[in-house]
file query_0.cif (mmCIF, C-alpha atoms)
data_coords
#
loop_
_atom_site.label_atom_id
_atom_site.label_comp_id
_atom_site.auth_asym_id
_atom_site.auth_seq_id
_atom_site.Cartn_x
_atom_site.Cartn_y
_atom_site.Cartn_z
CA MET D 964 112.46 87.61 100.03
CA ALA D 965 111.27 88.74 96.65
CA ARG D 966 111.23 92.43 95.95
CA VAL D 967 108.98 94.15 93.40
CA THR D 968 110.38 97.30 91.83
CA VAL D 969 108.53 99.48 89.35
CA VAL D 970 110.46 101.57 86.82
CA THR D 971 108.24 104.53 86.09
CA SER D 972 108.28 108.18 85.02
CA GLY D 973 104.96 109.60 83.91
CA LYS D 974 106.43 111.14 80.80
CA GLY D 975 107.27 108.96 77.82
CA GLY D 976 110.62 108.76 76.11
CA VAL D 977 112.77 109.47 79.16
CA GLY D 978 114.44 106.06 79.21
CA LYS D 979 112.14 103.82 81.26
CA THR D 980 112.50 100.72 79.13
CA THR D 981 116.22 101.30 78.53
CA SER D 982 116.68 101.66 82.29
CA ALA D 983 114.45 98.71 83.20
CA ALA D 984 116.39 96.47 80.78
CA SER D 985 119.79 97.49 82.12
CA PHE D 986 118.67 97.48 85.73
CA ALA D 987 117.23 93.96 85.48
CA ALA D 988 120.25 92.69 83.55
CA GLY D 989 122.53 94.27 86.16
CA LEU D 990 120.69 92.59 89.04
CA ALA D 991 120.91 89.23 87.29
CA LEU D 992 124.62 89.78 86.63
CA ARG D 993 125.03 90.21 90.35
CA GLY D 994 123.47 86.79 90.87
CA ARG D 995 119.92 87.82 91.76
CA LYS D 996 117.25 85.71 90.07
CA THR D 997 115.44 88.42 88.14
CA VAL D 998 112.39 88.81 85.92
CA VAL D 999 111.56 92.02 84.09
CA ILE D 1000 107.90 92.46 83.16
CA ASP D 1001 106.64 94.73 80.38
CA PHE D 1002 103.39 96.40 81.50
CA ASP D 1003 103.02 98.47 78.35
CA VAL D 1004 100.13 96.48 76.88
CA GLY D 1005 99.50 97.42 73.27
CA LEU D 1006 102.87 99.14 72.86
CA ARG D 1007 105.31 96.53 74.02
CA ASN D 1008 108.99 97.37 73.57
CA LEU D 1009 110.93 95.67 76.30
CA ASP D 1010 111.19 92.54 74.12
CA ILE D 1011 112.88 94.40 71.28
CA VAL D 1012 115.19 96.34 73.59
CA MET D 1013 116.20 93.05 75.23
CA GLY D 1014 116.60 91.34 71.85
CA CYS D 1015 114.05 88.58 72.43
CA GLU D 1016 111.22 89.86 70.23
CA ARG D 1017 111.18 86.73 68.07
CA ARG D 1018 110.80 84.40 71.01
CA VAL D 1019 107.52 85.76 72.36
CA VAL D 1020 104.80 83.11 72.50
CA TYR D 1021 102.59 83.99 75.46
CA ASP D 1022 102.44 87.32 77.22
CA LEU D 1023 101.42 89.04 80.45
CA VAL D 1024 97.78 89.37 79.42
CA ASN D 1025 97.57 85.62 78.70
CA VAL D 1026 98.93 84.99 82.18
CA VAL D 1027 96.68 87.50 83.94
CA LYS D 1028 93.64 86.09 82.16
CA GLY D 1029 94.62 82.52 82.95
CA GLU D 1030 95.13 81.54 79.29
CA ALA D 1031 98.71 80.48 79.95
CA ASN D 1032 100.79 79.89 83.05
CA VAL D 1033 103.74 82.05 84.02
CA ARG D 1034 106.32 79.45 83.06
CA GLN D 1035 104.98 79.32 79.50
CA ALA D 1036 105.21 83.08 79.10
CA LEU D 1037 108.67 83.61 80.58
CA ILE D 1038 111.54 84.06 78.12
CA LYS D 1039 114.95 83.08 79.41
CA ASP D 1040 117.71 85.48 78.45
CA LYS D 1041 120.43 83.83 76.36
CA ARG D 1042 123.26 85.95 77.74
CA ILE D 1043 122.68 85.99 81.50
CA GLU D 1044 121.89 82.96 83.59
CA GLU D 1045 119.42 84.41 86.09
CA LEU D 1046 117.48 86.76 83.78
CA TYR D 1047 113.97 86.31 82.43
CA VAL D 1048 111.60 88.54 80.43
CA LEU D 1049 107.82 88.54 80.66
CA PRO D 1050 106.58 90.43 77.59
CA ALA D 1051 103.44 92.53 77.24
CA SER D 1052 100.69 91.79 74.77
CA GLN D 1053 100.84 93.75 71.55
CA THR D 1054 97.26 93.28 70.46
CA ARG D 1055 95.12 93.97 73.51
CA ASP D 1056 94.48 97.20 75.34
CA LYS D 1057 95.49 98.31 78.79
CA ASP D 1058 92.14 97.44 80.34
CA ALA D 1059 93.06 93.78 79.87
CA LEU D 1060 95.15 93.97 83.05
CA ASP D 1061 93.25 93.55 86.27
CA ILE D 1062 94.92 94.12 89.61
CA GLU D 1063 93.88 90.79 91.05
CA GLY D 1064 95.24 88.83 88.08
CA ILE D 1065 98.55 90.69 88.32
CA GLY D 1066 98.73 89.85 92.00
CA LYS D 1067 98.32 86.15 91.21
CA ALA D 1068 101.03 86.28 88.51
CA LEU D 1069 103.45 88.00 90.91
CA PHE D 1070 102.67 85.40 93.56
CA GLU D 1071 103.51 82.63 91.07
CA LEU D 1072 106.81 84.33 90.20
CA LYS D 1073 107.72 84.61 93.86
CA LYS D 1074 106.92 80.93 94.34
CA MET D 1075 109.29 80.14 91.47
CA GLY D 1076 112.09 81.73 93.47
CA PHE D 1077 112.47 85.08 91.75
CA GLU D 1078 114.26 87.50 94.04
CA GLU D 1079 113.87 90.65 91.98
CA ILE D 1080 110.73 91.45 90.00
CA VAL D 1081 111.17 94.55 87.85
CA CYS D 1082 108.01 96.13 86.39
CA ASP D 1083 108.55 98.32 83.33
CA SER D 1084 105.68 100.81 83.46
CA PRO D 1085 103.95 102.39 80.47
CA ALA D 1086 104.06 106.17 80.18
CA GLY D 1087 101.19 108.20 81.57
CA ILE D 1088 99.39 108.14 84.90
CA GLU D 1089 96.37 106.10 83.87
CA LYS D 1090 95.36 102.51 84.49
CA GLY D 1091 98.41 100.88 82.88
CA ALA D 1092 100.89 102.89 84.93
CA GLN D 1093 98.88 102.32 88.08
CA ALA D 1094 98.71 98.57 87.41
CA ALA D 1095 102.51 98.48 87.04
CA MET D 1096 103.07 100.26 90.36
CA TYR D 1097 100.32 98.70 92.46
CA TYR D 1098 102.34 95.88 94.04
CA ALA D 1099 105.66 97.74 94.15
CA ASP D 1100 107.90 97.66 97.19
CA GLU D 1101 110.32 100.12 95.64
CA ALA D 1102 110.22 102.46 92.67
CA ILE D 1103 112.80 103.84 90.31
CA VAL D 1104 111.53 107.16 89.03
CA VAL D 1105 113.29 107.93 85.75
CA THR D 1106 113.59 111.66 85.12
CA ASN D 1107 115.29 113.81 82.50
CA PRO D 1108 116.68 117.15 83.69
CA GLU D 1109 113.97 118.99 81.83
CA VAL D 1110 110.77 120.77 82.94
CA SER D 1111 108.08 118.44 81.59
CA SER D 1112 109.81 115.31 82.82
CA VAL D 1113 110.35 116.70 86.33
CA ARG D 1114 106.76 117.85 86.55
CA ASP D 1115 105.44 114.45 85.45
CA SER D 1116 107.77 112.66 87.86
CA ASP D 1117 106.27 114.67 90.67
CA ARG D 1118 102.82 113.45 89.71
CA ILE D 1119 104.02 109.87 89.61
CA ILE D 1120 105.61 110.21 93.06
CA GLY D 1121 102.23 111.45 94.29
CA LEU D 1122 100.55 108.35 92.85
CA LEU D 1123 103.17 106.07 94.42
CA ASP D 1124 102.25 107.67 97.74
CA ALA D 1125 98.52 107.21 97.25
CA LYS D 1126 97.56 104.50 94.77
CA THR D 1127 99.75 101.54 95.59
CA LYS D 1128 98.86 98.53 97.70
CA ARG D 1129 101.26 99.71 100.38
CA ALA D 1130 99.51 103.08 100.54
CA GLN D 1131 96.05 101.59 100.61
CA LYS D 1132 96.87 99.05 103.31
CA ASN D 1133 98.71 101.67 105.37
CA GLU D 1134 101.93 99.72 105.13
CA LYS D 1135 105.43 101.16 104.91
CA PRO D 1136 105.38 103.46 101.86
CA VAL D 1137 106.98 102.52 98.54
CA LYS D 1138 110.66 103.42 98.65
CA CYS D 1139 111.30 105.83 95.78
CA HIS D 1140 114.66 106.24 94.06
CA LEU D 1141 115.34 109.04 91.60
CA LEU D 1142 117.31 108.09 88.49
CA ILE D 1143 118.31 111.03 86.30
CA THR D 1144 118.96 110.02 82.72
CA ARG D 1145 120.20 111.88 79.62
CA TYR D 1146 122.21 114.19 81.82
CA SER D 1147 124.88 116.44 80.40
CA PRO D 1148 127.39 117.70 83.00
CA LYS D 1149 128.63 120.24 80.50
CA ARG D 1150 125.24 121.80 79.84
CA ALA D 1151 124.38 121.74 83.54
CA ALA D 1152 127.64 123.53 84.34
CA ALA D 1153 126.80 126.15 81.71
CA GLY D 1154 123.42 126.79 83.31
CA GLU D 1155 121.56 125.41 80.31
CA MET D 1156 120.26 122.32 82.05
CA LEU D 1157 118.80 121.66 85.49
CA LYS D 1158 121.50 120.39 87.81
CA VAL D 1159 121.21 117.14 89.71
CA ASP D 1160 120.80 119.06 92.98
CA ASP D 1161 117.97 121.14 91.48
CA VAL D 1162 116.02 118.05 90.47
CA LEU D 1163 116.66 116.40 93.84
CA GLU D 1164 115.46 119.49 95.67
CA LEU D 1165 112.32 119.70 93.55
CA LEU D 1166 111.31 116.06 93.84
CA GLY D 1167 112.58 115.31 97.32
CA ILE D 1168 113.10 111.54 97.04
CA GLY D 1169 116.20 109.38 97.48
CA PHE D 1170 118.83 109.59 94.77
CA ILE D 1171 120.14 106.47 93.06
CA GLY D 1172 122.25 107.95 90.29
CA VAL D 1173 122.80 109.71 87.02
CA VAL D 1174 123.12 108.21 83.56
CA PRO D 1175 124.91 110.61 81.24
CA GLU D 1176 123.53 111.32 77.78
CA SER D 1177 125.18 108.76 75.53
CA GLN D 1178 125.10 107.70 71.92
CA ALA D 1179 125.64 104.15 73.07
CA VAL D 1180 122.01 103.95 74.21
CA LEU D 1181 120.74 104.09 70.63
CA THR D 1182 123.37 101.61 69.47
CA ALA D 1183 122.39 99.23 72.25
CA SER D 1184 118.70 99.31 71.35
CA ASN D 1185 119.57 98.91 67.66
CA MET D 1186 121.33 95.71 68.62
CA GLY D 1187 118.82 94.46 71.17
CA VAL D 1188 121.39 94.47 73.97
CA PRO D 1189 120.86 96.13 77.36
CA VAL D 1190 123.24 99.11 77.65
CA ILE D 1191 124.80 97.65 80.78
CA LEU D 1192 126.03 94.62 78.76
CA MET D 1193 127.61 96.61 75.93
CA GLU D 1194 131.35 96.85 76.13
CA GLN D 1195 131.43 99.99 74.01
CA ALA D 1196 128.81 101.73 76.11
CA GLY D 1197 131.41 103.16 78.49
CA GLU D 1198 130.01 105.71 80.93
CA ALA D 1199 126.35 104.79 80.45
CA ALA D 1200 127.07 101.13 81.23
CA GLU D 1201 129.21 102.09 84.23
CA ALA D 1202 126.47 104.39 85.47
CA TYR D 1203 123.91 101.57 85.38
CA ARG D 1204 126.33 99.23 87.16
CA ASP D 1205 126.68 101.85 89.91
CA VAL D 1206 122.90 102.15 90.16
CA VAL D 1207 122.53 98.39 90.59
CA ALA D 1208 125.27 98.33 93.24
CA ARG D 1209 123.55 101.13 95.19
CA PHE D 1210 120.22 99.35 94.88
CA LEU D 1211 121.84 96.30 96.45
CA GLY D 1212 122.92 98.46 99.35
CA GLU D 1213 126.53 99.15 98.44
CA GLU D 1214 128.20 102.50 99.00
CA GLN D 1215 129.14 103.86 95.63
CA PRO D 1216 130.31 107.44 95.08
CA HIS D 1217 128.23 109.33 92.54
CA ARG D 1218 129.85 109.96 89.17
CA PHE D 1219 129.13 111.74 85.91
CA ILE D 1220 127.54 114.69 87.70
CA GLU D 1221 130.08 117.46 87.35
CA LEU D 1222 132.57 118.51 84.76
CA GLU D 1223 136.13 117.82 85.64
CA LYS D 1224 137.92 121.09 86.19
CA LYS D 1225 140.42 121.50 83.40
CA GLY D 1226 143.71 123.25 83.98
CA PHE D 1227 144.60 126.34 81.96
CA PHE D 1228 146.74 124.46 79.46
CA ALA D 1229 144.24 121.68 79.11
CA ARG D 1230 141.63 124.28 78.29
CA LEU D 1231 143.92 125.91 75.76
CA PHE D 1232 145.15 122.76 74.10
CA GLY D 1233 142.64 120.19 75.25
CA GLY D 1234 140.86 120.44 71.93
CA GLY D 1235 137.58 118.57 71.95
CA ASN D 1236 134.74 119.57 74.21
CA GLN D 1237 134.05 116.08 75.41
CA ALA D 1238 132.41 115.97 78.76
CA GLN D 1239 134.90 114.57 81.23
CA PRO D 1240 133.45 112.53 84.02
CA ALA D 1241 134.56 113.30 87.50
CA ARG D 1242 134.23 111.27 90.63
CA VAL D 1243 132.24 113.67 92.68
CA ALA D 1244 130.03 112.80 95.59
CA VAL D 1245 126.89 114.81 95.84
CA GLY D 1246 124.92 115.58 98.93
CA GLY D 1247 121.44 114.43 98.77
CA MET Y 865 130.74 147.00 74.87
CA ALA Y 866 131.23 143.74 73.11
CA ILE Y 867 134.40 142.80 74.88
CA PHE Y 868 132.68 142.87 78.28
CA ASP Y 869 129.97 140.58 77.02
CA LEU Y 870 132.64 137.93 76.69
CA PHE Y 871 133.07 137.87 80.44
CA ARG Y 872 129.46 138.14 81.38
CA ARG Y 873 127.79 134.92 82.34
CA LYS Y 874 125.31 133.64 79.88
CA THR Y 875 121.72 133.83 81.03
CA ALA Y 876 121.11 130.61 82.88
CA SER Y 877 117.87 129.20 81.57
CA ALA Y 878 118.19 126.30 84.01
CA GLN Y 879 117.52 128.71 86.89
CA LEU Y 880 114.34 129.87 85.19
CA ALA Y 881 113.32 126.23 84.69
CA LYS Y 882 113.85 125.55 88.37
CA ASP Y 883 111.87 128.59 89.51
CA ARG Y 884 108.95 127.73 87.24
CA LEU Y 885 108.97 124.12 88.34
CA GLN Y 886 108.95 125.05 92.02
CA ILE Y 887 105.74 126.98 91.54
CA VAL Y 888 103.94 124.50 89.33
CA VAL Y 889 104.94 121.48 91.40
CA ALA Y 890 103.77 123.11 94.63
CA ARG Y 891 100.46 124.03 93.07
CA GLU Y 892 99.89 120.57 91.66
CA ARG Y 893 100.80 118.87 94.90
CA ALA Y 894 98.15 120.99 96.55
CA SER Y 895 95.48 120.25 93.97
CA THR Y 896 95.96 116.58 93.12
CA GLY Y 897 95.88 115.06 96.56
CA ASP Y 898 92.93 112.82 97.20
CA ARG Y 899 91.73 114.34 100.43
CA VAL Y 900 90.95 117.91 101.46
CA GLN Y 901 93.15 119.30 98.71
CA SER Y 902 90.79 118.21 95.99
CA TYR Y 903 88.30 120.99 96.61
CA LEU Y 904 90.86 123.79 96.49
CA PRO Y 905 90.41 124.80 92.83
CA GLN Y 906 86.65 124.83 93.32
CA LEU Y 907 87.00 126.90 96.49
CA GLN Y 908 89.20 129.35 94.65
CA ARG Y 909 86.64 129.75 91.85
CA GLU Y 910 83.75 130.27 94.25
CA LEU Y 911 85.66 132.82 96.31
CA LEU Y 912 86.38 134.74 93.14
CA GLU Y 913 82.68 134.72 92.29
CA VAL Y 914 81.76 136.16 95.69
CA ILE Y 915 84.43 138.84 95.58
CA ALA Y 916 83.38 139.78 92.08
CA LYS Y 917 80.13 141.07 93.56
CA TYR Y 918 81.97 143.75 95.55
CA GLU Y 919 85.29 144.42 93.93
CA LYS Y 920 86.68 144.64 90.45
CA LEU Y 921 88.02 141.27 89.73
CA ASP Y 922 91.47 140.14 88.89
CA LEU Y 923 92.10 136.44 88.53
CA GLU Y 924 95.29 136.67 90.50
CA MET Y 925 93.71 138.25 93.56
CA VAL Y 926 92.75 135.05 95.31
CA SER Y 927 95.28 132.38 96.06
CA VAL Y 928 94.54 129.22 97.98
CA ALA Y 929 97.21 126.93 99.32
CA LEU Y 930 97.50 124.06 101.71
CA ASP Y 931 100.47 123.80 104.01
CA LYS Y 932 101.56 121.31 106.59
CA LYS Y 933 102.67 122.57 109.98
CA GLY Y 934 103.45 119.73 112.30
CA ASP Y 935 100.35 117.60 112.58
CA ALA Y 936 97.95 120.26 111.37
CA GLU Y 937 97.21 121.19 107.83
CA VAL Y 938 96.91 124.91 107.33
CA LEU Y 939 94.62 126.20 104.64
CA GLU Y 940 95.88 129.59 103.60
CA ILE Y 941 93.65 131.89 101.64
CA ASN Y 942 95.15 135.11 100.41
CA ILE Y 943 92.93 137.83 99.04
CA VAL Y 944 94.67 140.82 97.56
CA LEU Y 945 92.42 143.82 97.13
CA PRO Y 946 93.16 146.33 94.40
CA GLU Y 947 94.81 149.63 95.29
CA SER Y 948 92.39 152.22 96.54
CA PRO Y 949 92.31 155.33 94.36
CA LYS Y 950 93.21 157.70 97.24
CA LYS Y 951 96.21 155.99 98.68
CA GLY Y 952 98.47 155.09 95.84
CA SER Y 953 100.81 153.35 98.21
CA SER Y 954 100.47 149.61 98.35
CA VAL Y 955 98.04 146.79 98.11
CA ARG Y 956 96.22 145.63 101.16
CA SER Y 957 96.36 141.99 101.76
CA ARG Y 958 94.67 139.92 104.37
CA GLY Y 959 95.47 136.40 105.26
CA LEU Y 960 93.03 133.94 106.68
CA SER Y 961 94.13 130.69 108.15
CA LEU Y 962 92.18 127.77 109.37
CA SER Y 963 93.37 124.36 110.31
CA THR Y 964 91.91 121.15 109.16
CA GLY Y 965 92.50 117.84 110.88
#
call {"tool": "encode", "arguments": {"input": "query_0.cif", "output": "structure tokens"}}
result
Amino acid sequence: MARVTVVTSGKGGVGKTTSAASFAAGLALRGRKTVVIDFDVGLRNLDIVMGCERRVVYDLVNVVKGEANVRQALIKDKRIEELYVLPASQTRDKDALDIEGIGKALFELKKMGFEEIVCDSPAGIEKGAQAAMYYADEAIVVTNPEVSSVRDSDRIIGLLDAKTKRAQKNEKPVKCHLLITRYSPKRAAAGEMLKVDDVLELLGIGFIGVVPESQAVLTASNMGVPVILMEQAGEAAEAYRDVVARFLGEEQPHRFIELEKKGFFARLFGGGNQAQPARVAVGG
Amino acid sequence: MAIFDLFRRKTASAQLAKDRLQIVVARERASTGDRVQSYLPQLQRELLEVIAKYEKLDLEMVSVALDKKGDAEVLEINIVLPESPKKGSSVRSRGLSLSTG
């Protein structure tokens, strides 16, 4: 059975495309036949984050409008066997996507045997974001521990409850997973940043994991490599691997949430103020 | 004394963020729904207009909220009247509840 998952957030710049790229790559690494679709028509970026920007010929709008078939528009990833990218159009506007046309494209992809269809949503709550979420079975809501991001995520969760096909046909609601990115355990412990539990309490949806703030994310996008595939990415890559494992139904203790308690001598002589990850399970 | 400041916890701005978010998120959930909730801001404005005929008006005096209790939705309207000049004690507040399907 194919599953459609939208990666969404409301607010821009919180890590949607970064997360969609790593999430899709992670699913493919685990052997799931995966396609990741860029819905950000006019401002496409998934192609450059995935490193396939020079291989774009046809795009999602061509497919939705019937100007090309899905196979022509799909770009096969050169690193992972089961991974494909369907880029957005750079020249058209968001109105070029009609719900019916998207439905047909998704149907074609399912017929081709794709098991995981990941939709990378544009920012905002308007037509583009609603087109990306309409056919979703599950949603990954990407949130930064910061007031404007949490507020916007709440709006998006409201839309997922009301404006999707599942909602309109009175089917089982879209299953929402909260992904907290750019998290700093150190700042949260100091009371400078919302804690994971705070965000969970505010938004009240299932929790799929935390990705710690990491310099590797910029390096990865510079290189056109999903974070999850970068050897040097360390914690951020591990965090995304955990998220993928949980999404596939595996029990995986949450990490990178709290500072490791340092002993007295470690605090005296430990030197650097690097955030130490700790394996801490969180209730939620 | 400066030395005691060293031991005092820094003001936690995250707590303030959480408190503010709780309020704004609750309000927006109430006002962005696509059913009965959608008329709440309008209702609040109109109530204020009516009250303005009889009482000195303060924008904060009327609050409208929608709650869920079991199967019923409870529309809660809170009208806080200003202190009367004689009794300097406290504000009078009256709640009015009505359920909607």
call {"tool": "residues_around", "arguments": {"input": "query_0.cif", "residues": "stretch 1192-1208 of chain D", "least_positions_apart": "4", "cutoff": "9 Å", "atoms": "all atoms listed in the file", "output": "PDB file with C-alpha atoms, keeping the file's coordinate frame"}}
result
ATOM      1  CA  SER D 982     116.680 101.660  82.290  1.00  0.00           C
ATOM      2  CA  SER D 985     119.790  97.490  82.120  1.00  0.00           C
ATOM      3  CA  PHE D 986     118.670  97.480  85.730  1.00  0.00           C
ATOM      4  CA  ALA D 987     117.230  93.960  85.480  1.00  0.00           C
ATOM      5  CA  ALA D 988     120.250  92.690  83.550  1.00  0.00           C
ATOM      6  CA  GLY D 989     122.530  94.270  86.160  1.00  0.00           C
ATOM      7  CA  LEU D 990     120.690  92.590  89.040  1.00  0.00           C
ATOM      8  CA  ARG D 993     125.030  90.210  90.350  1.00  0.00           C
ATOM      9  CA  LEU D1142     117.310 108.090  88.490  1.00  0.00           C
ATOM     10  CA  ILE D1171     120.140 106.470  93.060  1.00  0.00           C
ATOM     11  CA  GLY D1172     122.250 107.950  90.290  1.00  0.00           C
ATOM     12  CA  VAL D1173     122.800 109.710  87.020  1.00  0.00           C
ATOM     13  CA  VAL D1174     123.120 108.210  83.560  1.00  0.00           C
ATOM     14  CA  PRO D1175     124.910 110.610  81.240  1.00  0.00           C
ATOM     15  CA  GLU D1176     123.530 111.320  77.780  1.00  0.00           C
ATOM     16  CA  SER D1177     125.180 108.760  75.530  1.00  0.00           C
ATOM     17  CA  GLN D1178     125.100 107.700  71.920  1.00  0.00           C
ATOM     18  CA  ALA D1179     125.640 104.150  73.070  1.00  0.00           C
ATOM     19  CA  VAL D1180     122.010 103.950  74.210  1.00  0.00           C
ATOM     20  CA  THR D1182     123.370 101.610  69.470  1.00  0.00           C
ATOM     21  CA  ALA D1183     122.390  99.230  72.250  1.00  0.00           C
ATOM     22  CA  VAL D1188     121.390  94.470  73.970  1.00  0.00           C
ATOM     23  CA  GLY D1212     122.920  98.460  99.350  1.00  0.00           C
ATOM     24  CA  GLU D1213     126.530  99.150  98.440  1.00  0.00           C
ATOM     25  CA  GLU D1214     128.200 102.500  99.000  1.00  0.00           C
ATOM     26  CA  GLN D1215     129.140 103.860  95.630  1.00  0.00           C
ATOM     27  CA  PRO D1216     130.310 107.440  95.080  1.00  0.00           C
ATOM     28  CA  HIS D1217     128.230 109.330  92.540  1.00  0.00           C
ATOM     29  CA  ARG D1218     129.850 109.960  89.170  1.00  0.00           C
ATOM     30  CA  PHE D1219     129.130 111.740  85.910  1.00  0.00           C
ATOM     31  CA  PRO D1240     133.450 112.530  84.020  1.00  0.00           C
TER      32      PRO D1240
END
call {"tool": "resolve_selection", "arguments": {"input": "query_0.cif", "expression": "the PyMOL selection byres ((chain D) within 10 of (chain Y))", "output": "mmCIF file with C-alpha atoms, in the frame of the given file"}}
result
data_model
loop_
_atom_site.group_PDB
_atom_site.id
_atom_site.type_symbol
_atom_site.label_atom_id
_atom_site.label_comp_id
_atom_site.auth_asym_id
_atom_site.auth_seq_id
_atom_site.Cartn_x
_atom_site.Cartn_y
_atom_site.Cartn_z
ATOM 1 C CA PRO D 1108 116.680 117.150 83.690
ATOM 2 C CA GLU D 1109 113.970 118.990 81.830
ATOM 3 C CA VAL D 1110 110.770 120.770 82.940
ATOM 4 C CA SER D 1111 108.080 118.440 81.590
ATOM 5 C CA VAL D 1113 110.350 116.700 86.330
ATOM 6 C CA ARG D 1114 106.760 117.850 86.550
ATOM 7 C CA ASP D 1115 105.440 114.450 85.450
ATOM 8 C CA SER D 1116 107.770 112.660 87.860
ATOM 9 C CA ASP D 1117 106.270 114.670 90.670
ATOM 10 C CA ARG D 1118 102.820 113.450 89.710
ATOM 11 C CA GLY D 1121 102.230 111.450 94.290
ATOM 12 C CA LEU D 1122 100.550 108.350 92.850
ATOM 13 C CA ASP D 1124 102.250 107.670 97.740
ATOM 14 C CA ALA D 1125 98.520 107.210 97.250
ATOM 15 C CA LYS D 1126 97.560 104.500 94.770
ATOM 16 C CA ARG D 1150 125.240 121.800 79.840
ATOM 17 C CA ALA D 1151 124.380 121.740 83.540
ATOM 18 C CA ALA D 1152 127.640 123.530 84.340
ATOM 19 C CA ALA D 1153 126.800 126.150 81.710
ATOM 20 C CA GLY D 1154 123.420 126.790 83.310
ATOM 21 C CA GLU D 1155 121.560 125.410 80.310
ATOM 22 C CA MET D 1156 120.260 122.320 82.050
ATOM 23 C CA LEU D 1157 118.800 121.660 85.490
ATOM 24 C CA LYS D 1158 121.500 120.390 87.810
ATOM 25 C CA ASP D 1161 117.970 121.140 91.480
ATOM 26 C CA VAL D 1162 116.020 118.050 90.470
ATOM 27 C CA GLU D 1164 115.460 119.490 95.670
ATOM 28 C CA LEU D 1165 112.320 119.700 93.550
ATOM 29 C CA LEU D 1166 111.310 116.060 93.840
#
call {"tool": "residues_around", "arguments": {"input": "query_0.cif", "residues": "D:Thr971", "least_positions_apart": "5", "cutoff": "10 Å", "atoms": "only C-alpha atoms", "output": "MDAnalysis selection string"}}
result
chainID D and resid 977:980 982:983 1082:1088 1092:1093 1095:1096 1102:1106 1116 1119:1120 1123
call {"tool": "atom_distance", "arguments": {"input": "query_0.cif", "atom1": "atom CA of D:Leu1049", "atom2": "atom CA of D:Met1186"}}
result
19.5 Å
call {"tool": "atom_distance", "arguments": {"input": "query_0.cif", "atom1": "atom CA of D:Val1004", "atom2": "atom CA of D:Asn1107"}}
result
23.7 Å
call {"tool": "residues_near_point", "arguments": {"input": "query_0.cif", "point": "(88.0, 132.1, 99.8)", "cutoff": "12 Å", "atoms": "only C-alpha atoms", "output": "tab-separated table (two decimals) with C-alpha atoms, keeping the file's coordinate frame"}}
result
chain	number	residue	atom	x	y	z
Y	903	TYR	CA	88.30	120.99	96.61
Y	904	LEU	CA	90.86	123.79	96.49
Y	905	PRO	CA	90.41	124.80	92.83
Y	906	GLN	CA	86.65	124.83	93.32
Y	907	LEU	CA	87.00	126.90	96.49
Y	908	GLN	CA	89.20	129.35	94.65
Y	909	ARG	CA	86.64	129.75	91.85
Y	910	GLU	CA	83.75	130.27	94.25
Y	911	LEU	CA	85.66	132.82	96.31
Y	912	LEU	CA	86.38	134.74	93.14
Y	913	GLU	CA	82.68	134.72	92.29
Y	914	VAL	CA	81.76	136.16	95.69
Y	915	ILE	CA	84.43	138.84	95.58
Y	916	ALA	CA	83.38	139.78	92.08
Y	925	MET	CA	93.71	138.25	93.56
Y	926	VAL	CA	92.75	135.05	95.31
Y	927	SER	CA	95.28	132.38	96.06
Y	928	VAL	CA	94.54	129.22	97.98
Y	929	ALA	CA	97.21	126.93	99.32
Y	939	LEU	CA	94.62	126.20	104.64
Y	940	GLU	CA	95.88	129.59	103.60
Y	941	ILE	CA	93.65	131.89	101.64
Y	942	ASN	CA	95.15	135.11	100.41
Y	943	ILE	CA	92.93	137.83	99.04
Y	944	VAL	CA	94.67	140.82	97.56
Y	958	ARG	CA	94.67	139.92	104.37
Y	959	GLY	CA	95.47	136.40	105.26
Y	960	LEU	CA	93.03	133.94	106.68
Y	961	SER	CA	94.13	130.69	108.15
Y	962	LEU	CA	92.18	127.77	109.37
call {"tool": "residues_around", "arguments": {"input": "query_0.cif", "residues": "D:Asp1100", "least_positions_apart": "5", "cutoff": "8 Å", "atoms": "all atoms listed in the file", "output": "list in words"}}
result
Arg966, Val967, Thr968, Arg1129, Pro1136, Val1137 and Lys1138 of chain D
call {"tool": "resolve_selection", "arguments": {"input": "query_0.cif", "expression": "the PyMOL selection byres ((chain D and resi 1025) around 12)", "output": "PyMOL selection string"}}
result
chain D and resi 1004+1019-1024+1026-1037+1049-1055+1059-1061+1064-1065+1068
call {"tool": "atom_distance", "arguments": {"input": "query_0.cif", "atom1": "atom CA of D:Thr1127", "atom2": "atom CA of D:Thr997"}}
result
21.8 Å
call {"tool": "closest_residue", "arguments": {"input": "query_0.cif", "among": "D:Glu1223, D:Tyr1146, D:Thr981, D:Val1081", "to": "D:Asn1185", "atoms": "only C-alpha atoms"}}
result
D:Thr981
call {"tool": "closest_residue", "arguments": {"input": "query_0.cif", "among": "D:Pro1189, D:Gly994, D:Gly976, D:Gly1169", "to": "D:Phe1077", "atoms": "all atoms listed in the file"}}
result
D:Gly994
call {"tool": "closest_residue", "arguments": {"input": "query_0.cif", "among": "D:Ser1112, D:Ile1080, D:Phe1210, D:Val998", "to": "D:Gly973", "atoms": "all atoms listed in the file"}}
result
D:Ser1112
